[in-house]
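Beneath this line is the structure, given in structure tokens, with notes to follow.
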Amino acid sequence: MEAPQSQEDMIRYCSEVDGPKLANMLEGGLTPILSPTLLKHLGYTGLAAYPLTLLSASIKAMNSALDLIKAGKDTESLILSFDQLQNEVGFNDYYSNLDKYKNLL
């Protein structure tokens, strides 16, 4: 169902249509943004997608960092440590497997 506009619409859809359901939680859209727990309670048994949440949050964080940089202020409170950054992007896993792949060359 495209863009149910209320929890009542969502409950009716889940109760009347068989199969897994996708809840598309799009900020600024017509459907109310609900938690995964509440969606499950309403009958969404498939997947909940929040397609713009991370993109929007990351742009907001980047703009905040750029504002601090432009003002010549410290960005330390906004960023990960270098070790955390390496872990998050997978460098540590890459480096731990590097020798295994070097032997293939």
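Following the order of the structure tokens, chains are lettered A, B, ..., residues in each are numbered from 1, and ligands are numbered from 1.
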task: Could you give me, as a count of residues only, each residue of chain A that DSSP assigns to alpha helix (DSSP H) when run on this structure's backbone?
output: 55
message: Just want the 10 Å neighbourhood of range 61-69 of chain A, counted on only C-alpha atoms, with same-chain residues fewer than 6 positions away dropped. Output as a ChimeraX atom specification.
response: /A:55,75-79
task: Have a look at A:Gly72, A:Gly46, A:Gly19, A:Pro4 and name the one nearest to Thr31 in chain A; count only C-alpha atoms.
output: A:Pro4
query: Hey, which of A:Asn92, A:Glu27, A:Met10, A:Phe82 ends up closest to Ala57 in chain A? Count only C-alpha atoms.
result: A:Glu27
task: Write down as a list in words the residues of chain A whose backbone DSSP state falls under strand (DSSP E).
output: Leu22, Ala23, Asn24, Leu47, Ala48 and Ala49 of chain A
Expected file contents, prior selection, C-alpha atoms, as a PDB file, in the first residue's frame:
```
ATOM      1  CA  LEU A  22       6.946  -3.007   3.995  1.00  0.00           C
ATOM      2  CA  ALA A  23       6.570   0.172   6.028  1.00  0.00           C
ATOM      3  CA  ASN A  24       8.249   3.068   4.222  1.00  0.00           C
ATOM      4  CA  LEU A  47      10.528  -4.690   6.717  1.00  0.00           C
ATOM      5  CA  ALA A  48      10.623  -1.091   7.894  1.00  0.00           C
ATOM      6  CA  ALA A  49      12.638   1.274   5.719  1.00  0.00           C
TER       7      ALA A  49
END
```
message: I want to know what sits within 12 Å of Leu42 in chain A, based on only C-alpha atoms, with residues of the same chain fewer than 5 positions away left out; could you give that as number ranges by chain?
response: A: 6-15, 21-23, 34-37
Residue subset to file, keeping C-alpha atoms, as a compact mmCIF listing (two decimals), in the first residue's frame:
```
# COMPACT_ATOMS: atom_id res chain seq x y z
CA SER A 6 -2.86 7.08 9.53
CA GLN A 7 -2.25 4.24 11.94
CA GLU A 8 -5.82 3.14 11.29
CA ASP A 9 -5.05 2.82 7.55
CA MET A 10 -1.96 0.82 8.42
CA ILE A 11 -3.82 -1.55 10.76
CA ARG A 12 -6.53 -2.13 8.16
CA TYR A 13 -3.96 -2.83 5.43
CA CYS A 14 -2.06 -5.30 7.61
CA SER A 15 -5.21 -7.11 8.68
CA LYS A 21 4.43 -5.81 4.64
CA LEU A 22 6.95 -3.01 3.99
CA ALA A 23 6.57 0.17 6.03
CA LEU A 34 6.62 5.11 13.70
CA SER A 35 9.13 3.00 15.59
CA PRO A 36 9.88 -0.55 14.44
CA THR A 37 8.25 -1.84 17.66
```
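Taking CA of Leu52 in chain A as the reference point, CA of Gly28 in chain A is found at 9.6 Å.
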- prompt: Pick from A:Ala3, A:Ile33, A:Thr53, A:Thr45: nearest to Val17 in chain A, with only C-alpha atoms counted?
  reply: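 Closest to Val17 in chain A of all the choices is A:Thr45.
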query: Which distance in Å separates CA of Lys100 in chain A and CA of Leu85 in chain A, to one decimal?
result: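 If I compute the distance from CA of Lys100 in chain A to CA of Leu85 in chain A, I get 23.2 Å.
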